[in-house]
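As provided, work.pdb (PDB, C-alpha atoms, pLDDT in the B column) reads as follows.
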MODEL        1
ATOM      1  CA  MET A  52     117.659  96.054  84.605  1.00 73.00           C
ATOM      2  CA  GLU A  53     118.529  99.751  84.407  1.00 85.00           C
ATOM      3  CA  ASN A  54     115.845 102.384  84.860  1.00 94.00           C
ATOM      4  CA  LYS A  55     114.412 104.296  81.916  1.00 95.00           C
ATOM      5  CA  PHE A  56     113.988 108.058  82.206  1.00 96.00           C
ATOM      6  CA  GLU A  57     111.748 110.516  80.400  1.00 96.00           C
ATOM      7  CA  ILE A  58     111.520 114.275  80.929  1.00 96.00           C
ATOM      8  CA  ASN A  59     108.364 116.320  80.483  1.00 95.00           C
ATOM      9  CA  ASN A  60     108.651 120.010  81.383  1.00 91.00           C
ATOM     10  CA  LYS A  61     110.160 120.102  84.884  1.00 93.00           C
ATOM     11  CA  VAL A  62     109.256 116.541  85.846  1.00 97.00           C
ATOM     12  CA  ALA A  63     111.392 113.434  85.279  1.00 97.00           C
ATOM     13  CA  PHE A  64     109.540 110.115  84.983  1.00 97.00           C
ATOM     14  CA  ILE A  65     111.400 106.966  86.064  1.00 97.00           C
ATOM     15  CA  THR A  66     110.396 103.461  85.015  1.00 97.00           C
ATOM     16  CA  ILE A  67     110.895 100.996  87.877  1.00 96.00           C
ATOM     17  CA  LEU A  68     110.129  97.292  88.183  1.00 95.00           C
ATOM     18  CA  LYS A  69     108.149  95.296  90.737  1.00 94.00           C
ATOM     19  CA  LYS A  70     109.381  91.830  91.751  1.00 92.00           C
ATOM     20  CA  ASN A  71     107.183  90.212  89.095  1.00 93.00           C
ATOM     21  CA  GLY A  72     108.666  92.408  86.365  1.00 92.00           C
ATOM     22  CA  GLU A  73     105.648  94.715  86.085  1.00 94.00           C
ATOM     23  CA  GLU A  74     106.567  98.336  85.357  1.00 95.00           C
ATOM     24  CA  LEU A  75     105.593 101.307  87.509  1.00 96.00           C
ATOM     25  CA  THR A  76     106.382 104.976  86.964  1.00 97.00           C
ATOM     26  CA  ALA A  77     107.831 107.249  89.628  1.00 97.00           C
ATOM     27  CA  LYS A  78     108.479 110.953  89.276  1.00 96.00           C
ATOM     28  CA  VAL A  79     110.995 113.459  90.600  1.00 97.00           C
ATOM     29  CA  ASP A  80     111.945 117.045  89.860  1.00 97.00           C
ATOM     30  CA  VAL A  81     114.319 117.401  86.901  1.00 97.00           C
ATOM     31  CA  GLU A  82     116.928 119.103  89.099  1.00 96.00           C
ATOM     32  CA  ASP A  83     117.151 115.908  91.201  1.00 96.00           C
ATOM     33  CA  LEU A  84     117.557 113.569  88.231  1.00 95.00           C
ATOM     34  CA  ASN A  85     121.369 113.401  88.259  1.00 94.00           C
ATOM     35  CA  LYS A  86     121.379 112.597  91.963  1.00 93.00           C
ATOM     36  CA  VAL A  87     118.837 109.835  91.342  1.00 94.00           C
ATOM     37  CA  LYS A  88     120.848 108.333  88.475  1.00 93.00           C
ATOM     38  CA  GLU A  89     124.107 108.427  90.435  1.00 90.00           C
ATOM     39  CA  SER A  90     122.525 106.457  93.289  1.00 89.00           C
ATOM     40  CA  GLY A  91     122.127 103.285  91.224  1.00 89.00           C
ATOM     41  CA  THR A  92     119.174 101.218  90.009  1.00 93.00           C
ATOM     42  CA  TRP A  93     115.761 101.834  91.563  1.00 96.00           C
ATOM     43  CA  PHE A  94     112.980  99.281  92.054  1.00 96.00           C
ATOM     44  CA  ALA A  95     109.444  99.139  93.464  1.00 96.00           C
ATOM     45  CA  GLU A  96     108.976  97.520  96.873  1.00 95.00           C
ATOM     46  CA  TRP A  97     105.687  96.968  98.720  1.00 94.00           C
ATOM     47  CA  ASN A  98     105.485  98.836 102.028  1.00 90.00           C
ATOM     48  CA  LYS A  99     102.922  97.224 104.329  1.00 87.00           C
ATOM     49  CA  ASP A 100     102.794 100.261 106.654  1.00 81.00           C
ATOM     50  CA  LEU A 101     101.884 102.590 103.788  1.00 84.00           C
ATOM     51  CA  ASN A 102      99.867  99.934 101.926  1.00 88.00           C
ATOM     52  CA  SER A 103     101.488 100.957  98.646  1.00 92.00           C
ATOM     53  CA  TYR A 104     104.686 100.653  96.617  1.00 96.00           C
ATOM     54  CA  THR A 105     107.705 102.823  97.422  1.00 95.00           C
ATOM     55  CA  VAL A 106     110.847 103.439  95.362  1.00 96.00           C
ATOM     56  CA  GLN A 107     113.962 101.768  96.803  1.00 95.00           C
ATOM     57  CA  ASN A 108     117.496 100.867  95.844  1.00 92.00           C
ATOM     58  CA  ILE A 109     120.575  99.194  97.281  1.00 88.00           C
ATOM     59  CA  SER A 110     123.357 101.730  97.790  1.00 78.00           C
ATOM     60  CA  LEU A 111     126.544 101.244  95.795  1.00 71.00           C
ATOM     61  CA  THR A 112     128.680 103.012  98.407  1.00 70.00           C
ATOM     62  CA  LYS A 113     126.903 103.053 101.808  1.00 68.00           C
ATOM     63  CA  VAL A 114     126.594 100.166 104.284  1.00 62.00           C
ATOM     64  CA  ASN A 115     124.339  99.545 107.294  1.00 62.00           C
ATOM     65  CA  LYS A 116     125.364  98.610 110.858  1.00 64.00           C
ATOM     66  CA  LYS A 117     125.911  95.007 109.746  1.00 65.00           C
ATOM     67  CA  SER A 118     128.306  96.189 107.012  1.00 64.00           C
ATOM     68  CA  LYS A 119     125.844  95.136 104.322  1.00 73.00           C
ATOM     69  CA  PRO A 120     124.874  97.418 101.400  1.00 76.00           C
ATOM     70  CA  LEU A 121     122.350  99.974 102.649  1.00 78.00           C
ATOM     71  CA  LYS A 122     118.791  99.896 101.345  1.00 87.00           C
ATOM     72  CA  GLN A 123     117.532 103.450 100.854  1.00 90.00           C
ATOM     73  CA  SER A 124     114.355 105.114  99.681  1.00 93.00           C
ATOM     74  CA  LEU A 125     114.087 107.601  96.851  1.00 95.00           C
ATOM     75  CA  GLN A 126     112.482 110.178  99.136  1.00 94.00           C
ATOM     76  CA  SER A 127     115.418 110.006 101.579  1.00 92.00           C
ATOM     77  CA  ILE A 128     117.865 110.605  98.708  1.00 93.00           C
ATOM     78  CA  ILE A 129     115.813 113.555  97.425  1.00 95.00           C
ATOM     79  CA  LEU A 130     115.656 115.223 100.861  1.00 93.00           C
ATOM     80  CA  ASP A 131     119.174 114.051 101.810  1.00 92.00           C
ATOM     81  CA  THR A 132     118.060 112.434 105.080  1.00 88.00           C
ATOM     82  CA  ASN A 133     118.854 109.272 107.008  1.00 83.00           C
ATOM     83  CA  PRO A 134     117.035 106.286 105.414  1.00 81.00           C
ATOM     84  CA  ARG A 135     115.151 105.759 108.699  1.00 80.00           C
ATOM     85  CA  THR A 136     113.771 109.313 108.784  1.00 82.00           C
ATOM     86  CA  PRO A 137     109.987 109.152 108.217  1.00 83.00           C
ATOM     87  CA  ILE A 138     108.898 111.161 105.176  1.00 90.00           C
ATOM     88  CA  ARG A 139     105.290 111.760 104.176  1.00 88.00           C
ATOM     89  CA  HIS A 140     104.011 111.979 100.599  1.00 93.00           C
ATOM     90  CA  ILE A 141     101.588 114.882 100.888  1.00 92.00           C
ATOM     91  CA  ASN A 142      99.225 113.834  98.072  1.00 94.00           C
ATOM     92  CA  GLY A 143      99.296 110.176  99.171  1.00 91.00           C
ATOM     93  CA  ASP A 144     101.100 109.008  96.011  1.00 96.00           C
ATOM     94  CA  THR A 145     104.259 107.236  97.219  1.00 95.00           C
ATOM     95  CA  LEU A 146     105.678 107.163  93.678  1.00 97.00           C
ATOM     96  CA  ASP A 147     105.522 110.974  93.444  1.00 98.00           C
ATOM     97  CA  ASN A 148     108.857 112.071  94.880  1.00 97.00           C
ATOM     98  CA  ARG A 149     108.909 115.670  93.732  1.00 97.00           C
ATOM     99  CA  ARG A 150     110.120 117.941  96.516  1.00 96.00           C
ATOM    100  CA  SER A 151     106.765 119.730  96.676  1.00 96.00           C
ATOM    101  CA  ASN A 152     105.160 116.398  97.638  1.00 96.00           C
ATOM    102  CA  LEU A 153     107.626 115.413 100.372  1.00 95.00           C
ATOM    103  CA  GLU A 154     107.531 116.404 104.017  1.00 90.00           C
ATOM    104  CA  ILE A 155     109.649 115.160 106.914  1.00 85.00           C
ATOM    105  CA  VAL A 156     107.356 113.896 109.674  1.00 79.00           C
ATOM    106  CA  GLU A 157     108.080 115.535 113.012  1.00 74.00           C
ATOM    107  CA  ARG A 158     107.985 112.789 115.629  1.00 71.00           C
ATOM    108  CA  ASN A 159     107.603 114.878 118.773  1.00 74.00           C
ATOM    109  CA  ILE A 160     104.619 117.096 118.123  1.00 81.00           C
ATOM    110  CA  LYS A 161     101.451 117.795 120.031  1.00 88.00           C
ATOM    111  CA  ASN A 162      98.603 115.384 119.244  1.00 93.00           C
ATOM    112  CA  ASP A 163      95.567 116.587 117.336  1.00 93.00           C
ATOM    113  CA  TYR A 164      92.179 115.764 118.827  1.00 96.00           C
ATOM    114  CA  GLU A 165      88.458 115.644 118.069  1.00 96.00           C
ATOM    115  CA  VAL A 166      85.529 116.521 120.335  1.00 96.00           C
ATOM    116  CA  VAL A 167      83.279 113.448 120.541  1.00 96.00           C
ATOM    117  CA  ASN A 168      80.634 114.941 122.847  1.00 96.00           C
ATOM    118  CA  ASP A 169      80.349 117.235 125.871  1.00 95.00           C
ATOM    119  CA  ASP A 170      82.288 114.782 128.049  1.00 96.00           C
ATOM    120  CA  THR A 171      84.663 112.958 125.706  1.00 97.00           C
ATOM    121  CA  ILE A 172      87.714 113.834 123.588  1.00 97.00           C
ATOM    122  CA  ALA A 173      89.343 111.547 120.991  1.00 98.00           C
ATOM    123  CA  ILE A 174      93.144 111.884 120.790  1.00 97.00           C
ATOM    124  CA  LEU A 175      94.507 111.113 117.305  1.00 96.00           C
ATOM    125  CA  LEU A 176      97.347 108.587 117.425  1.00 94.00           C
ATOM    126  CA  ARG A 177      99.623 108.792 114.382  1.00 90.00           C
ATOM    127  CA  ASP A 178     102.161 106.307 113.053  1.00 85.00           C
ATOM    128  CA  LYS A 179     105.748 107.216 112.149  1.00 79.00           C
ATOM    129  CA  TYR A 180     104.581 108.504 108.764  1.00 79.00           C
ATOM    130  CA  GLY A 181     102.108 110.931 110.346  1.00 81.00           C
ATOM    131  CA  LYS A 182      99.079 108.870 109.331  1.00 83.00           C
ATOM    132  CA  VAL A 183      96.246 108.534 111.886  1.00 88.00           C
ATOM    133  CA  GLN A 184      96.518 104.966 113.169  1.00 88.00           C
ATOM    134  CA  ASN A 185      93.851 105.007 115.864  1.00 94.00           C
ATOM    135  CA  LYS A 186      92.116 107.173 118.460  1.00 96.00           C
ATOM    136  CA  ALA A 187      92.263 107.171 122.246  1.00 97.00           C
ATOM    137  CA  LEU A 188      89.328 108.420 124.298  1.00 97.00           C
ATOM    138  CA  ILE A 189      89.824 110.641 127.336  1.00 97.00           C
ATOM    139  CA  SER A 190      87.539 112.679 129.553  1.00 97.00           C
ATOM    140  CA  LYS A 191      87.214 116.316 128.538  1.00 96.00           C
ATOM    141  CA  GLU A 192      88.554 117.408 131.931  1.00 96.00           C
ATOM    142  CA  ASP A 193      91.909 115.754 131.119  1.00 96.00           C
ATOM    143  CA  LEU A 194      92.469 117.491 127.779  1.00 96.00           C
ATOM    144  CA  ARG A 195      95.054 120.011 129.024  1.00 94.00           C
ATOM    145  CA  LYS A 196      96.949 117.323 130.893  1.00 93.00           C
ATOM    146  CA  VAL A 197      97.113 115.001 127.869  1.00 95.00           C
ATOM    147  CA  VAL A 198      97.523 117.290 124.842  1.00 94.00           C
ATOM    148  CA  THR A 199     100.712 119.199 125.633  1.00 91.00           C
ATOM    149  CA  ASP A 200     104.073 120.072 124.076  1.00 86.00           C
ATOM    150  CA  THR A 201     105.653 117.576 126.477  1.00 86.00           C
ATOM    151  CA  TYR A 202     104.096 114.345 125.192  1.00 88.00           C
ATOM    152  CA  THR A 203     103.370 112.807 121.801  1.00 92.00           C
ATOM    153  CA  TRP A 204     100.961 109.917 122.341  1.00 94.00           C
ATOM    154  CA  VAL A 205     101.203 106.879 120.065  1.00 92.00           C
ATOM    155  CA  LEU A 206      99.768 103.379 119.844  1.00 92.00           C
ATOM    156  CA  HIS A 207     102.191 100.762 121.171  1.00 90.00           C
ATOM    157  CA  LYS A 208     101.728  97.114 120.187  1.00 86.00           C
ATOM    158  CA  ASN A 209     103.273  94.209 122.044  1.00 80.00           C
ATOM    159  CA  TYR A 210     102.233  90.944 120.413  1.00 77.00           C
ATOM    160  CA  ASP A 211      98.406  90.934 120.686  1.00 79.00           C
ATOM    161  CA  ASN A 212      98.303  93.618 123.364  1.00 86.00           C
ATOM    162  CA  PHE A 213      98.357  97.345 122.773  1.00 88.00           C
ATOM    163  CA  CYS A 214      98.304 100.525 124.837  1.00 92.00           C
ATOM    164  CA  VAL A 215      98.742 104.291 124.545  1.00 95.00           C
ATOM    165  CA  ILE A 216     102.226 105.531 125.407  1.00 93.00           C
ATOM    166  CA  ALA A 217     104.577 108.476 124.980  1.00 92.00           C
ATOM    167  CA  ASN A 218     108.348 108.149 124.622  1.00 85.00           C
ATOM    168  CA  THR A 219     110.228 110.637 126.791  1.00 82.00           C
ATOM    169  CA  PRO A 220     113.934 111.248 127.566  1.00 76.00           C
ATOM    170  CA  ASN A 221     113.305 109.410 130.855  1.00 80.00           C
ATOM    171  CA  GLY A 222     111.648 106.410 129.226  1.00 84.00           C
ATOM    172  CA  ARG A 223     108.219 105.274 128.108  1.00 86.00           C
ATOM    173  CA  ILE A 224     105.142 106.474 129.990  1.00 92.00           C
ATOM    174  CA  HIS A 225     101.581 105.128 129.790  1.00 95.00           C
ATOM    175  CA  LEU A 226      98.575 107.396 129.311  1.00 96.00           C
ATOM    176  CA  ASP A 227      96.412 105.589 131.870  1.00 96.00           C
ATOM    177  CA  ARG A 228      99.122 105.941 134.540  1.00 95.00           C
ATOM    178  CA  VAL A 229      99.565 109.656 133.809  1.00 94.00           C
ATOM    179  CA  LEU A 230      95.824 110.126 134.281  1.00 96.00           C
ATOM    180  CA  MET A 231      95.397 107.996 137.425  1.00 96.00           C
ATOM    181  CA  ASN A 232      98.858 108.366 139.030  1.00 93.00           C
ATOM    182  CA  PRO A 233      98.945 104.935 140.735  1.00 94.00           C
ATOM    183  CA  ASP A 234     101.613 103.866 143.239  1.00 92.00           C
ATOM    184  CA  GLU A 235     104.473 101.544 142.261  1.00 87.00           C
ATOM    185  CA  ASN A 236     102.573  98.480 143.494  1.00 90.00           C
ATOM    186  CA  GLN A 237      99.357  99.428 141.708  1.00 92.00           C
ATOM    187  CA  THR A 238      98.114  99.155 138.144  1.00 93.00           C
ATOM    188  CA  VAL A 239      95.326 100.802 136.149  1.00 95.00           C
ATOM    189  CA  HIS A 240      92.474  98.559 135.025  1.00 95.00           C
ATOM    190  CA  HIS A 241      90.311  99.435 132.008  1.00 96.00           C
ATOM    191  CA  ILE A 242      86.811  98.407 133.078  1.00 96.00           C
ATOM    192  CA  ASN A 243      85.529  97.667 129.563  1.00 97.00           C
ATOM    193  CA  LEU A 244      88.903  96.021 128.697  1.00 95.00           C
ATOM    194  CA  ASN A 245      89.511  98.525 125.881  1.00 95.00           C
ATOM    195  CA  PRO A 246      93.027  99.976 126.368  1.00 95.00           C
ATOM    196  CA  LEU A 247      92.166 102.885 124.058  1.00 96.00           C
ATOM    197  CA  ASP A 248      89.309 104.005 126.313  1.00 97.00           C
ATOM    198  CA  ASN A 249      91.017 106.198 128.899  1.00 98.00           C
ATOM    199  CA  ARG A 250      87.969 108.087 130.088  1.00 97.00           C
ATOM    200  CA  ARG A 251      87.883 108.477 133.874  1.00 96.00           C
ATOM    201  CA  SER A 252      84.692 106.411 134.066  1.00 96.00           C
ATOM    202  CA  ASN A 253      86.552 103.473 132.503  1.00 97.00           C
ATOM    203  CA  LEU A 254      89.663 103.541 134.703  1.00 96.00           C
ATOM    204  CA  GLU A 255      90.185 102.120 138.182  1.00 96.00           C
ATOM    205  CA  ILE A 256      93.289 101.534 140.265  1.00 95.00           C
ATOM    206  CA  THR A 257      93.941  97.979 141.445  1.00 93.00           C
ATOM    207  CA  SER A 258      96.740  96.391 143.470  1.00 90.00           C
ATOM    208  CA  ILE A 259      99.255  94.205 141.691  1.00 82.00           C
TER
ENDMDL
END
Would you mind giving the structure from this file in structure tokens?
Amino acid sequence: MENKFEINNKVAFITILKKNGEELTAKVDVEDLNKVKESGTWFAEWNKDLNSYTVQNISLTKVNKKSKPLKQSLQSIILDTNPRTPIRHINGDTLDNRRSNLEIVERNIKNDYEVVNDDTIAILLRDKYGKVQNKALISKEDLRKVVTDTYTWVLHKNYDNFCVIANTPNGRIHLDRVLMNPDENQTVHHINLNPLDNRRSNLEITSI
């Protein structure tokens, strides 16, 4: 089914369908309307990471690495970016794709943090969309070592296990190892078994 379009002032409203046929309304700036129409038919798809519907389509001209038609998001078409580039909807409404509501998420930026008490800092761990996913605790004395322009700390999940890591040009590094600097044949044990608690009092070096 083709999309329906309605213009009100400088905003274009687009009717899109969910899988069950229910209608949703997305919006874009009027100046982007032709680009949106030329890209094909748009539909609503549930995004589990964002916990909301996003506007998607299947490209009529582009293909992915497997030579299949490329699925692309409305926000990536509006900002003319790679479909994999993370884009944040500033007001939280993922159907609002006006340019003023879209922001490319910088992946390699310094972490924000919160002061928990006189001894403890909470490092904010964001997902690829810039949303706070969790917090990692460190000792206040380690703040300058952890929050730098060099590292962006994120939550890494591997099956049921998770840890705090940063991706660098030389590979992945672990927060607890940066703090404790163990030898090759040593590992860092979290005493309370919480991998997000990287306070000095909770870390000890053990032999492998």
Query raised in the report: For Tyr180 in chain A, which residue among A:Val81, A:Ile224, A:Leu254, A:Val156 is the nearest when counting all atoms listed in the file?
Result: A:Val156
Give me the residues of range 62-101 of chain A that have any atom at most 10 Å from an atom of range 150-154 of chain A; for each, the nearest atom pair and the distance in Å, rounded to one decimal. Use only C-alpha atoms, sort by chain and number, and format it as a Markdown table.
| residue | atom | partner | partner_atom | distance |
| --- | --- | --- | --- | --- |
| A:Val79 | CA | A:Arg150 | CA | 7.5 |
| A:Asp80 | CA | A:Arg150 | CA | 7.0 |
| A:Asp83 | CA | A:Arg150 | CA | 9.0 |
Query raised in the report: Expanded to explicit residues, what is the PyMOL selection byres ((chain A and resi 149) around 12) for this file, as number ranges by chain?
Result: A: 61-65, 77-84, 87, 125-130, 139-142, 144-148, 150-154
Find the residues near range 195-208 of chain A: any atom within 7 Å, counting all atoms listed in the file, skip ones fewer than 5 places away on the same chain, and give them as a PDB file with C-alpha atoms, in the frame of the given file.
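Dumped to result-v2.pdb:
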ATOM      1  CA  ASN A 159     107.603 114.878 118.773  1.00 74.00           C
ATOM      2  CA  ILE A 160     104.619 117.096 118.123  1.00 81.00           C
ATOM      3  CA  LYS A 161     101.451 117.795 120.031  1.00 88.00           C
ATOM      4  CA  ASN A 162      98.603 115.384 119.244  1.00 93.00           C
ATOM      5  CA  LEU A 176      97.347 108.587 117.425  1.00 94.00           C
ATOM      6  CA  ARG A 177      99.623 108.792 114.382  1.00 90.00           C
ATOM      7  CA  PHE A 213      98.357  97.345 122.773  1.00 88.00           C
ATOM      8  CA  CYS A 214      98.304 100.525 124.837  1.00 92.00           C
ATOM      9  CA  VAL A 215      98.742 104.291 124.545  1.00 95.00           C
ATOM     10  CA  ILE A 216     102.226 105.531 125.407  1.00 93.00           C
ATOM     11  CA  ALA A 217     104.577 108.476 124.980  1.00 92.00           C
TER      12      ALA A 217
END
Report task. Report the distance between CA of Phe94 in chain A and CA of Gln184 in chain A in Å, rounded to one decimal place. Result ->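 Value for the CA of Phe94 in chain A-CA of Gln184 in chain A distance: 27.4 Å.
Residue nearest Asn133 in chain A, chosen from A:His240, A:Ala187, A:Met52, A:Leu121 and counting all atoms listed in the file: A:Leu121.
The smallest atom-to-atom distance between Gly91 in chain A and any of A:Thr112, A:Ser252, A:Thr132, A:Thr238, using all atoms listed in the file, is found for A:Thr112.
We find CA of His225 in chain A and CA of Ile138 in chain A to be spaced 26.4 Å apart.
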Query raised in the report: So how far away is CA of Phe56 in chain A from CA of Gln107 in chain A, in Å?
Result: 15.9 Å
Query raised in the report: With distances taken over only C-alpha atoms, which of A:Leu244, A:Leu68, A:Val166, A:Ile189 is nearest to Val229 in chain A?
Result: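 Distance minimum relative to Val229 in chain A lands on A:Ile189.
Distances from A:Ala95, A:Ile172, A:Ile58, A:Leu111 to Arg250 in chain A were compared using only C-alpha atoms, and the smallest one belongs to A:Ile172.
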Query raised in the report: Which residues match the PyMOL selection byres ((chain A and resi 239) around 9) in the file above, as a list in words?
Result: Asp227, Arg228, Met231, Asn232, Pro233, Gln237, Thr238, His240, His241, Leu254, Glu255, Ile256, Thr257 and Ser258 of chain A
Report task. Name the residues that the PyMOL selection byres ((chain A and resi 191) around 7) pulls out of this structure, and write them as number ranges by chain. Result -> A: 170-172, 189-190, 192-194
Nearby residues (all atoms listed in the file) at most 6 Å from Ala173 in chain A, same-chain spacing under 6 positions excluded, as a compact mmCIF listing (two decimals) with C-alpha atoms, in the frame of the given file:
# COMPACT_ATOMS: atom_id res chain seq x y z
CA TYR A 164 92.18 115.76 118.83
CA GLU A 165 88.46 115.64 118.07
CA LYS A 186 92.12 107.17 118.46
CA ALA A 187 92.26 107.17 122.25
CA LEU A 188 89.33 108.42 124.30
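Shortest separation to Asn253 in chain A among A:Thr219, A:Leu230, A:Glu74, A:Asn185 occurs at residue A:Leu230, atoms counted being only C-alpha atoms.
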